[in-house]
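Asks: Can you read through this structure? Questions will come right after.
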Amino acid sequence: VCRPLPDAVTVATIVARLGGEARGDATARIERLATLASADAGALGFLASRRHADAAGRSRASAMIVSPELAGAAPPGATLIVTPDPYLYYARVAQWFETLVARRRTAGIHPTASVAGSARLGEGVAIGPGAVVDEGATIGAGCDIGSGCYVGADTVVGESSRLHHNVTVYHGCTLGRRVIVHSGTVIGADGFGFAPSPQGWVKIAQLGGVTIGDDVEVGANCAIDRGALDDTVVGDGCKIDNLVQIAHNVRIGAGTAIAGCVGIAGSAVIGGRCMIGGGAGVLGHLEICDGVTISAMSLVTRSIREPGFYTGVFPLVPNDDWERIAASLKRLPSLRQRLRSMQHDRLGKDLP
Amino acid sequence: VCRPLPDAVTVATIVARLGGEARGDATARIERLATLASADAGALGFLASRRHADAAGRSRASAMIVSPELAGAAPPGATLIVTPDPYLYYARVAQWFETLVARRRTAGIHPTASVAGSARLGEGVAIGPGAVVDEGATIGAGCDIGSGCYVGADTVVGESSRLHHNVTVYHGCTLGRRVIVHSGTVIGADGFGFAPSPQGWVKIAQLGGVTIGDDVEVGANCAIDRGALDDTVVGDGCKIDNLVQIAHNVRIGAGTAIAGCVGIAGSAVIGGRCMIGGGAGVLGHLEICDGVTISAMSLVTRSIREPGFYTGVFPLVPNDDWERIAASLKRLPSLRQRLRSMQHDRLGKDLP
Amino acid sequence: VCRPLPDAVTVATIVARLGGEARGDATARIERLATLASADAGALGFLASRRHADAAGRSRASAMIVSPELAGAAPPGATLIVTPDPYLYYARVAQWFETLVARRRTAGIHPTASVAGSARLGEGVAIGPGAVVDEGATIGAGCDIGSGCYVGADTVVGESSRLHHNVTVYHGCTLGRRVIVHSGTVIGADGFGFAPSPQGWVKIAQLGGVTIGDDVEVGANCAIDRGALDDTVVGDGCKIDNLVQIAHNVRIGAGTAIAGCVGIAGSAVIGGRCMIGGGAGVLGHLEICDGVTISAMSLVTRSIREPGFYTGVFPLVPNDDWERIAASLKRLPSLRQRLRSMQHDRLGKDLP
């Protein structure tokens, strides 16, 4: 649960810091953010969409972040913070409140960490218990390297980045500034490349690296492979959820968001500001232009040249219905043929 | 392979401990459990379904766990343990035998572990090499924290729980009693929340935690994210396989089983005693009632209010057939239209 | 990026070592491999398919690996290495070049590692920082056990194998020779087995192990579960990409390649020399014969007895089209019925 602030703040203090217009009692004391449903006295809620207007009206929050258009949906007693984009305002408040409740960060190298003599560490770096920084690696100022992390030889981590715990970054990779990598993620493992031979698969040594831009966040237990020759590239500001697989030589443009369990095959090129739904797949060696949205669990099997919203997923139905649909689906080409032939008989000409 | 017991036990001893009725030579000595096919002298097999009656008849097991109805399917020489639920009986035997073959557990804190001064450890806790227990964390009596694990600040692990190796639990999470978490799993990483802004995605600090009930088992390399404000909740007795993604604010009822590679998107609410097949997906902000079964690799795109068995997966066919079906599928709306129009011509009225 | 060799080599040296025929200036100096597009002076490129002939012609590589048939596609100035299989030749060069650029490996046990007294270590073994080798484990000669790895009690790792960082191998597993396991992968966690009971799920202790053959490579963040009674088996020469789930009791034949994000359910038996596309699934308790190819994100729902190429995936379309297709799909059985009935009316007999 969201823990309360050690010292409550007033709405006036919030507005002074983050902007917006206070309406009502600006001395109302706020000790936590809360959802509309779980908010009660001392809580600050937010109303980001008209869909939640009813829940807002029933909420017991002491204060509420609202847009001018939806200000009327708030309960009568609540103090309002009126702002054009309540969701973004909530994001700013949450970032601030997190700094107020978080335990204090301790810089320095834990005695159980192993930092190579040739590694370069910027000012104020924290290296957690058991973490390893290998030969020639560079850790920028203000970075947090969590317990159990491995940072490979000659890898560069830009300033103010954070690797949570048990993160692995292989040798020769580059992470930008303010990058966040969650636990269990592996960056720079070998791409999946093998040449067939009469003696079986022959490994193709993966000589490239991984380049990750500034302000990228990578979730837990992802895998971003190193390139075969050139680098695998994740552009600035990309946001990647958990359990995402990014194969070797993939290139992803700036600001693209990838939900959990997505797999992107080798050498795919994905544009900027795309959104890839959870569990979706992208085949290798194809291109997706900027601004494409892919639905959850859809497979991109060909290049996409037009921005837009694409889907390919079998609709969910009761299993008995599915049995019938699946059986019919297998007959679909013959159904189509029969319909064409009936129409030909009637019209004396072929339809498509 | 299943290693043999250091000292064989008789069928009589098994029945005295776990119940059931011995038929035949109760002095038969058992040194291991085995599948029907690989069993030979000294092995105890089990027959859990009529489908395996033939294999049971051919089995060379010294003894066999059977139901009264299938007792006749066992080979003539075998000693029988007759019980209404052979599979459950097998589970009980396997749990017991595991304690007989397992190496002895050693309580205590390994000298390479890092346990914060403010952490509270119950009696008989074992903390493995390199494990980290952070400030204010509580580890209940009898817990095993494997090598390389990280237990975050203020996190609580209930008694008799086990974190295998290289498990990460972030700060402020709560795990119940007798919880098992397999290696590589990450609990409490940040949920995937970002507000769009003209400057790109703005991170929404994830201020909630994760609450995991009693008797939950979580497989390897899963990710269960912390809530944005409220906790992500996994109910008592849930069983979660490997590589499962559970996003922020998800709530799962008691006793639900989730197979490998499933992804559950943010704020989904899943009932109790559900079964989610491998690779399935659940979109965010929807509800699934108690007692729902979802087929493997099916995507739940809307709330499910009725218990039952649901499927949505494209049937597998030879690739050439698939090419034809996929092409026809894209024409399906026009086929439907043409059929409607032919029927209208014949019947003078519209059909659905 | 692919780092340059510390000392350039001539084409003549390459050909002397790896075979092939040099055409043109065999004294040309090579300092790195490169893709056709990014190659320039000092780079060795390769042309593995006629599809890339144009790119080859435009390439600025100093030398190029080509087949006799495509030798004419190389740019006029480049030195050629002519060989029947350029891709395989490239693999050999890359393996060699990797040894030239890699940092020197250091054998020995890092002082922060924990190696049990009863563990057996072969000659020249390297055990990284914080790694744990538990009681009775055997690590073959020349193995590299990366930082943060856990090798369980009585587990055997064959000679010349490499576990990258933060790999977990539970007790009682066997890995062959020259096995590579990438970071974050978990081998030997409990299979997902529970018996239903009136008191909820009862865990079935997983008493088997995992057996992995020689020359197997396993990518990052995979999970290969131990068997319930018999071992889970991955055959010689199998290649497994990242984030792959292999459930308990699965058996995979030699030389099969499995792309990222695949899930294979319990007790499935997969033949040799199969290729399973990314994100595909295989249901439990079925068999796939040798030489089967499964398309990405397709689900194998029944045994496959014939080698071949199988697909089952909903084609990707613009979302508006998908809405129409999905709606029609649900009516497909009734469409089929209506078409049959119209044909019956016309023909006086039933069609299938």
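Simple scheme: letters A, B, ... for chains in structure tokens order, numbers from 1 for residues in each chain, numbers from 1 for ligands in the order shown.
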Please provide the set of residues having any atom within 8 Å of region 190-202 of chain A, restricted to only C-alpha atoms, with same-chain residues fewer than 3 positions apart removed, written as an MDAnalysis selection string.

Replies: (chainID A and resid 205:206 225:228 247:248) or (chainID C and resid 87:88 91 182 219 237 241 255 259)

Asks: Identify all chain B residues at most 6 Å from chain C by counting only C-alpha atoms; ligands do not count. Present them as a list in words.

Replies: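 Listed by rising number, the hits are Val1, Cys2, Ala34, Leu88, Ala91, Ala94, Gln95, Asp241, Phe314, Pro315, Leu316, Val317, Pro318, Asn319 and Pro333 of chain B.
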
Asks: CA of Ala296 (chain A) and CA of Asp290 (chain B), how far apart in Å?

Replies: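 So the answer is 23.7 Å.
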
Asks: Which parts of region 122-190 of chain C does DSSP call strand (DSSP E or B) when run on the backbone here, written out as a PyMOL selection string?

Replies: chain C and resi 126-127+132-133+138-139+144-145+150-151+156-157+162-163+168-169+174-175+180-181+186-187

Asks: Selection from above, N, CA, C and O atoms, as a PDB file, in the first residue's frame, can you write it?

Replies:
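What follows is the written file selection-v4.pdb:
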```pdb
ATOM      1  N   ALA C 126      37.002 -21.402 -13.970  1.00  0.00           N
ATOM      2  CA  ALA C 126      36.893 -20.033 -13.452  1.00  0.00           C
ATOM      3  C   ALA C 126      35.545 -19.891 -12.759  1.00  0.00           C
ATOM      4  O   ALA C 126      34.509 -20.205 -13.359  1.00  0.00           O
ATOM      5  N   ILE C 127      35.570 -19.448 -11.522  1.00  0.00           N
ATOM      6  CA  ILE C 127      34.337 -19.217 -10.756  1.00  0.00           C
ATOM      7  C   ILE C 127      34.303 -17.733 -10.409  1.00  0.00           C
ATOM      8  O   ILE C 127      35.188 -17.234  -9.717  1.00  0.00           O
ATOM      9  N   VAL C 132      28.091 -19.461  -6.465  1.00  0.00           N
ATOM     10  CA  VAL C 132      27.947 -20.497  -5.443  1.00  0.00           C
ATOM     11  C   VAL C 132      27.958 -21.850  -6.136  1.00  0.00           C
ATOM     12  O   VAL C 132      27.202 -22.071  -7.087  1.00  0.00           O
ATOM     13  N   VAL C 133      28.802 -22.737  -5.659  1.00  0.00           N
ATOM     14  CA  VAL C 133      28.797 -24.129  -6.126  1.00  0.00           C
ATOM     15  C   VAL C 133      28.519 -24.972  -4.893  1.00  0.00           C
ATOM     16  O   VAL C 133      29.295 -24.984  -3.941  1.00  0.00           O
ATOM     17  N   THR C 138      29.747 -30.951  -9.523  1.00  0.00           N
ATOM     18  CA  THR C 138      30.944 -31.212 -10.318  1.00  0.00           C
ATOM     19  C   THR C 138      30.999 -30.202 -11.450  1.00  0.00           C
ATOM     20  O   THR C 138      30.040 -30.088 -12.225  1.00  0.00           O
ATOM     21  N   ILE C 139      32.114 -29.496 -11.544  1.00  0.00           N
ATOM     22  CA  ILE C 139      32.306 -28.523 -12.622  1.00  0.00           C
ATOM     23  C   ILE C 139      33.469 -29.026 -13.455  1.00  0.00           C
ATOM     24  O   ILE C 139      34.602 -29.147 -12.964  1.00  0.00           O
ATOM     25  N   ASP C 144      33.532 -21.978 -17.278  1.00  0.00           N
ATOM     26  CA  ASP C 144      33.410 -20.624 -16.743  1.00  0.00           C
ATOM     27  C   ASP C 144      32.073 -20.520 -16.022  1.00  0.00           C
ATOM     28  O   ASP C 144      31.021 -20.683 -16.661  1.00  0.00           O
ATOM     29  N   ILE C 145      32.113 -20.228 -14.755  1.00  0.00           N
ATOM     30  CA  ILE C 145      30.886 -20.017 -13.988  1.00  0.00           C
ATOM     31  C   ILE C 145      30.873 -18.541 -13.619  1.00  0.00           C
ATOM     32  O   ILE C 145      31.698 -18.071 -12.835  1.00  0.00           O
ATOM     33  N   TYR C 150      24.394 -19.755  -9.418  1.00  0.00           N
ATOM     34  CA  TYR C 150      24.203 -20.784  -8.402  1.00  0.00           C
ATOM     35  C   TYR C 150      24.188 -22.132  -9.101  1.00  0.00           C
ATOM     36  O   TYR C 150      23.397 -22.353 -10.028  1.00  0.00           O
ATOM     37  N   VAL C 151      25.066 -23.035  -8.667  1.00  0.00           N
ATOM     38  CA  VAL C 151      25.087 -24.414  -9.174  1.00  0.00           C
ATOM     39  C   VAL C 151      24.734 -25.317  -7.997  1.00  0.00           C
ATOM     40  O   VAL C 151      25.450 -25.374  -6.995  1.00  0.00           O
ATOM     41  N   VAL C 156      25.967 -31.569 -12.225  1.00  0.00           N
ATOM     42  CA  VAL C 156      27.178 -31.797 -13.003  1.00  0.00           C
ATOM     43  C   VAL C 156      27.173 -30.860 -14.203  1.00  0.00           C
ATOM     44  O   VAL C 156      26.197 -30.828 -14.959  1.00  0.00           O
ATOM     45  N   VAL C 157      28.241 -30.112 -14.366  1.00  0.00           N
ATOM     46  CA  VAL C 157      28.404 -29.267 -15.544  1.00  0.00           C
ATOM     47  C   VAL C 157      29.588 -29.832 -16.338  1.00  0.00           C
ATOM     48  O   VAL C 157      30.701 -29.927 -15.817  1.00  0.00           O
ATOM     49  N   ARG C 162      29.946 -22.949 -20.239  1.00  0.00           N
ATOM     50  CA  ARG C 162      29.969 -21.588 -19.723  1.00  0.00           C
ATOM     51  C   ARG C 162      28.589 -21.188 -19.220  1.00  0.00           C
ATOM     52  O   ARG C 162      27.618 -21.196 -19.986  1.00  0.00           O
ATOM     53  N   LEU C 163      28.544 -20.836 -17.963  1.00  0.00           N
ATOM     54  CA  LEU C 163      27.344 -20.184 -17.438  1.00  0.00           C
ATOM     55  C   LEU C 163      27.671 -18.705 -17.333  1.00  0.00           C
ATOM     56  O   LEU C 163      28.590 -18.319 -16.601  1.00  0.00           O
ATOM     57  N   THR C 168      20.987 -19.722 -12.690  1.00  0.00           N
ATOM     58  CA  THR C 168      20.670 -20.618 -11.578  1.00  0.00           C
ATOM     59  C   THR C 168      20.449 -22.027 -12.110  1.00  0.00           C
ATOM     60  O   THR C 168      19.598 -22.230 -12.984  1.00  0.00           O
ATOM     61  N   VAL C 169      21.190 -22.970 -11.587  1.00  0.00           N
ATOM     62  CA  VAL C 169      20.943 -24.389 -11.887  1.00  0.00           C
ATOM     63  C   VAL C 169      20.676 -25.080 -10.551  1.00  0.00           C
ATOM     64  O   VAL C 169      21.529 -25.077  -9.667  1.00  0.00           O
ATOM     65  N   THR C 174      22.107 -32.177 -14.888  1.00  0.00           N
ATOM     66  CA  THR C 174      23.298 -32.556 -15.635  1.00  0.00           C
ATOM     67  C   THR C 174      23.365 -31.734 -16.910  1.00  0.00           C
ATOM     68  O   THR C 174      22.439 -31.780 -17.723  1.00  0.00           O
ATOM     69  N   LEU C 175      24.441 -30.990 -17.070  1.00  0.00           N
ATOM     70  CA  LEU C 175      24.676 -30.250 -18.307  1.00  0.00           C
ATOM     71  C   LEU C 175      25.848 -30.903 -19.019  1.00  0.00           C
ATOM     72  O   LEU C 175      26.833 -31.298 -18.380  1.00  0.00           O
ATOM     73  N   ILE C 180      26.463 -23.598 -23.329  1.00  0.00           N
ATOM     74  CA  ILE C 180      26.469 -22.164 -23.010  1.00  0.00           C
ATOM     75  C   ILE C 180      25.103 -21.813 -22.445  1.00  0.00           C
ATOM     76  O   ILE C 180      24.082 -22.136 -23.062  1.00  0.00           O
ATOM     77  N   VAL C 181      25.085 -21.178 -21.306  1.00  0.00           N
ATOM     78  CA  VAL C 181      23.818 -20.723 -20.723  1.00  0.00           C
ATOM     79  C   VAL C 181      23.946 -19.234 -20.449  1.00  0.00           C
ATOM     80  O   VAL C 181      24.855 -18.799 -19.730  1.00  0.00           O
ATOM     81  N   VAL C 186      17.157 -20.108 -15.658  1.00  0.00           N
ATOM     82  CA  VAL C 186      16.939 -20.969 -14.496  1.00  0.00           C
ATOM     83  C   VAL C 186      16.704 -22.396 -14.991  1.00  0.00           C
ATOM     84  O   VAL C 186      15.759 -22.642 -15.744  1.00  0.00           O
ATOM     85  N   ILE C 187      17.534 -23.285 -14.563  1.00  0.00           N
ATOM     86  CA  ILE C 187      17.433 -24.693 -14.967  1.00  0.00           C
ATOM     87  C   ILE C 187      17.152 -25.529 -13.723  1.00  0.00           C
ATOM     88  O   ILE C 187      17.887 -25.446 -12.736  1.00  0.00           O
TER      89      ILE C 187
END
```

Asks: From the DSSP assignment of the backbone, select every residue of region 161-325 of chain A that is helix (DSSP H, G or I), and format the answer as a list in words.

Replies: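 Restricting region 161-325 of chain A to helix (DSSP H, G or I) produces Asn319, Asp320, Asp321, Trp322, Glu323, Arg324 and Ile325 of chain A.
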
Asks: Restricting the calculation to only C-alpha atoms, which member of B:Ala41, B:Glu21, B:Gly108, B:Val234 is positioned closest to Ile65 (chain B)?

Replies: B:Glu21

Asks: Counting only C-alpha atoms, which of B:Ala107, B:Ala257, B:Leu80, B:Ala137 gets nearest to Ala22 (chain B)?

Replies: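 Going through B:Ala107, B:Ala257, B:Leu80, B:Ala137 one by one, the smallest distance to Ala22 (chain B) is for B:Leu80.
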
Asks: Mind giving me the straight-line distance from CA of Arg177 (chain B) to CA of Gly140 (chain B) in Å, one decimal?

Replies: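 Answer for the CA of Arg177 (chain B) to CA of Gly140 (chain B) separation: 8.1 Å.
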
Asks: Choose the residue, out of C:Cys238, C:Ala63, C:Arg3, C:Ile270, that has the smallest atom-to-atom separation from Val250 (chain C); count only C-alpha atoms.

Replies: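 For Val250 (chain C), the nearest of the candidates is C:Ile270.
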
Asks: Got a sec: who's within 8 Å of region 52-56 of chain B, counting only C-alpha atoms, leaving out chain neighbours fewer than 5 positions off, as a list in words?

Replies: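 Surrounding residues, per the criterion: Leu36, Ala37, Leu47, Leu70, Ala73, Ala74 and Pro75 of chain B.
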
Asks: Skipping near chain neighbours, those fewer than 2 positions away, what residues fall within 6 Å of Ala28 (chain A) using only C-alpha atoms, listed as a list in words?

Replies: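 Selected residues are Thr10, Val11, Asp25 and Ala26 of chain A.
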
Asks: Once you have the residues from the selection above, write them out as an mmCIF file, in the first residue's frame, restricted to all heavy atoms.

Replies:
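The resulting file, part-v8.cif, is reproduced below:
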```
data_model
loop_
_atom_site.group_PDB
_atom_site.id
_atom_site.type_symbol
_atom_site.label_atom_id
_atom_site.label_comp_id
_atom_site.auth_asym_id
_atom_site.auth_seq_id
_atom_site.Cartn_x
_atom_site.Cartn_y
_atom_site.Cartn_z
ATOM 1 N N THR A 10 0.089 20.736 2.481
ATOM 2 C CA THR A 10 -1.203 21.334 2.136
ATOM 3 C C THR A 10 -1.359 21.403 0.628
ATOM 4 O O THR A 10 -0.386 21.347 -0.135
ATOM 5 C CB THR A 10 -1.327 22.767 2.689
ATOM 6 O OG1 THR A 10 -0.317 23.564 2.067
ATOM 7 C CG2 THR A 10 -1.144 22.792 4.202
ATOM 8 N N VAL A 11 -2.588 21.540 0.202
ATOM 9 C CA VAL A 11 -2.857 21.744 -1.224
ATOM 10 C C VAL A 11 -2.136 22.995 -1.707
ATOM 11 O O VAL A 11 -1.577 23.024 -2.816
ATOM 12 C CB VAL A 11 -4.375 21.827 -1.462
ATOM 13 C CG1 VAL A 11 -4.668 22.316 -2.877
ATOM 14 C CG2 VAL A 11 -5.019 20.464 -1.225
ATOM 15 N N ASP A 25 -10.666 24.795 0.009
ATOM 16 C CA ASP A 25 -9.796 24.985 1.171
ATOM 17 C C ASP A 25 -8.359 24.577 0.859
ATOM 18 O O ASP A 25 -8.012 23.399 0.945
ATOM 19 C CB ASP A 25 -10.337 24.161 2.346
ATOM 20 C CG ASP A 25 -9.413 24.255 3.554
ATOM 21 O OD1 ASP A 25 -8.520 25.142 3.576
ATOM 22 O OD2 ASP A 25 -9.590 23.431 4.470
ATOM 23 N N ALA A 26 -7.537 25.549 0.526
ATOM 24 C CA ALA A 26 -6.152 25.244 0.147
ATOM 25 C C ALA A 26 -5.289 24.874 1.338
ATOM 26 O O ALA A 26 -4.144 24.472 1.177
ATOM 27 C CB ALA A 26 -5.531 26.432 -0.604
#
```
